[in-house]
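Visitor: This is the structure I have questions about; it appears just below.
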Amino acid sequence: MAQQQAQVKFMAVKPHLMVKTPKAVDAVNFYKSAFGAVEAGRSACCPPPMVEQNLPNIPCAQLELAGCSFVVYNDDSAPEKIEGIGNQLCLETDDVEAAISKAVSAGAVVEGEVTEGGGACCGGRVGKVKDPYGYVWLICSPSSKCAPVEA
């Protein structure tokens with residue numbers, strides 16, 4: 001007799017952004033400055049080498065942005081530059097250019113021009129920035145061009 005699988009309901013998707021030790025403090029400050037993220041919590045334990053070197057360290061910080069949470073954490077296995085990895089983070093806003101300008105003034109680098117339509121976050125205007133930690137952020141205008149998925 002076949003076993004019935006239990007129903008699983010997820011509560012949230014929470015991206016974890018790895019940054020090289022001890023850059024999590026800088027990354028948290030960047031996300032606050034560039035995107036208006038709010039720090040919701042932080043793990044304050046500090047491994048002995050960080051204390052001995054008097055370096056600021058946060059092993060893990062949870063940030064909130066646009067009603068969603070994400071985590072920034074120190075990880076020595078994090079790549080210096082993330083090239084060709086298949087993820088991007090998408091932020092929706094009514095003022096794409098102003099959001100890009102704010103991110104750039106905080107240290108992000110613009111990648112390409114702002115484009116219109118063409119599947120960019122389901123349509124609308126989209127620009128792209130890379131943060132100082134190698135993550136690519138799409139800055140998009142809201143769009144309702146996505147067709148509903150049929151079951």
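To be explicit about the labels: the chains of the structure tokens are called A, B, and onward in the order shown, and within each one the residues are counted from 1, while ligands get numbers from 1 in the order they are shown.
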What's the 6 Å shell around stretch 17-34 of chain A, counting only C-alpha atoms, without same-chain residues fewer than 2 positions away, as a ChimeraX atom specification?

Guide: /A:36-37,57,72-76,78,102-103,106

Visitor: Those residues with N, CA and C atoms, as a CSV table (one decimal), in the first residue's frame please?

Guide:
```
chain,number,residue,atom,x,y,z
A,36,GLY,N,16.6,51.0,1.8
A,36,GLY,CA,15.7,51.3,2.9
A,36,GLY,C,15.4,50.1,3.8
A,37,ALA,N,16.2,49.0,3.7
A,37,ALA,CA,15.9,47.8,4.5
A,37,ALA,C,16.0,48.2,6.0
A,57,ASN,N,31.6,42.2,13.9
A,57,ASN,CA,31.2,40.9,13.3
A,57,ASN,C,29.7,40.7,13.7
A,72,VAL,N,21.4,38.3,6.0
A,72,VAL,CA,22.8,38.5,5.5
A,72,VAL,C,23.7,37.8,6.6
A,73,TYR,N,24.6,37.0,6.1
A,73,TYR,CA,25.5,36.4,7.1
A,73,TYR,C,26.9,36.2,6.6
A,74,ASN,N,27.9,36.2,7.5
A,74,ASN,CA,29.3,36.0,7.2
A,74,ASN,C,29.5,34.5,6.9
A,75,ASP,N,30.3,34.3,5.8
A,75,ASP,CA,30.6,32.9,5.4
A,75,ASP,C,31.9,33.0,4.6
A,76,ASP,N,32.9,32.4,5.1
A,76,ASP,CA,34.2,32.5,4.5
A,76,ASP,C,34.2,31.7,3.1
A,78,ALA,N,31.9,32.1,0.9
A,78,ALA,CA,31.2,33.0,0.0
A,78,ALA,C,32.2,33.4,-1.1
A,102,LYS,N,19.7,56.0,-5.9
A,102,LYS,CA,20.0,55.8,-4.4
A,102,LYS,C,20.9,54.6,-4.2
A,103,ALA,N,20.7,53.5,-4.9
A,103,ALA,CA,21.6,52.4,-4.7
A,103,ALA,C,23.0,52.7,-5.2
A,106,ALA,N,24.9,54.7,-2.7
A,106,ALA,CA,25.3,53.8,-1.6
A,106,ALA,C,26.4,52.9,-1.9
```

Visitor: Sort by chain and increasing residue number a table of all residues of stretch 102-141 of chain A within 7 Å of stretch 89-94 of chain A, each with its closest pair of atoms and their distance in Å to one decimal, counting only C-alpha atoms, and write it as a tab-separated table.

Guide:
```
residue	atom	partner	partner_atom	distance
A:Val136	CA	A:Leu89	CA	6.4
A:Trp137	CA	A:Leu89	CA	4.7
A:Leu138	CA	A:Cys90	CA	4.5
A:Ile139	CA	A:Leu91	CA	5.0
A:Cys140	CA	A:Glu92	CA	4.7
A:Ser141	CA	A:Thr93	CA	5.1
```

Visitor: Would you mind telling me which residue in A:Val114, A:Ala6, A:Val38, A:Val109 lies nearest to A:Glu97 when using only C-alpha atoms?

Guide: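 Closest to A:Glu97, using only C-alpha atoms: A:Val114.
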
Visitor: As a compact mmCIF listing (two decimals) with C-alpha atoms, in the first residue's frame, please: the residues near A:Ser43 (cut-off 9 Å, only C-alpha atoms, same-chain neighbours under 5 positions excluded).

Guide:
```
# COMPACT_ATOMS: atom_id res chain seq x y z
CA ILE A 58 27.58 39.82 12.94
CA PRO A 59 27.31 36.18 12.04
CA CYS A 60 23.71 36.71 10.92
CA ALA A 61 21.31 39.65 10.51
CA GLN A 62 17.69 39.52 9.39
```

Visitor: For the atom pair atom CA of A:Val126 and atom CA of A:Glu39, what is the interatomic distance in Å to one decimal place?

Guide: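 Here the two named atoms are 26.2 Å from each other.
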
Visitor: Please compute the atom CA of A:Gly127-atom CA of A:Ala66 distance, one decimal, in Å.

Guide: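 That distance, rounded to one decimal, is 17.7 Å.
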
Visitor: Just checking: using only C-alpha atoms, which residue out of A:Asn87, A:Tyr133, A:His16, A:Lys128 ends up closest to A:Ala99?

Guide: A:Lys128

Visitor: Using only C-alpha atoms for the distances, tell me which of A:Val110, A:Ala12, A:Val71, A:Leu65 is nearest to A:Phe35.

Guide: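 Closest to A:Phe35 of all the choices is A:Leu65.
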
Visitor: What separation in Å, quoted to one decimal, exists between atom CA of A:Asp95 and atom CA of A:Thr115?

Guide: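 That distance, rounded to one decimal, is 13.3 Å.
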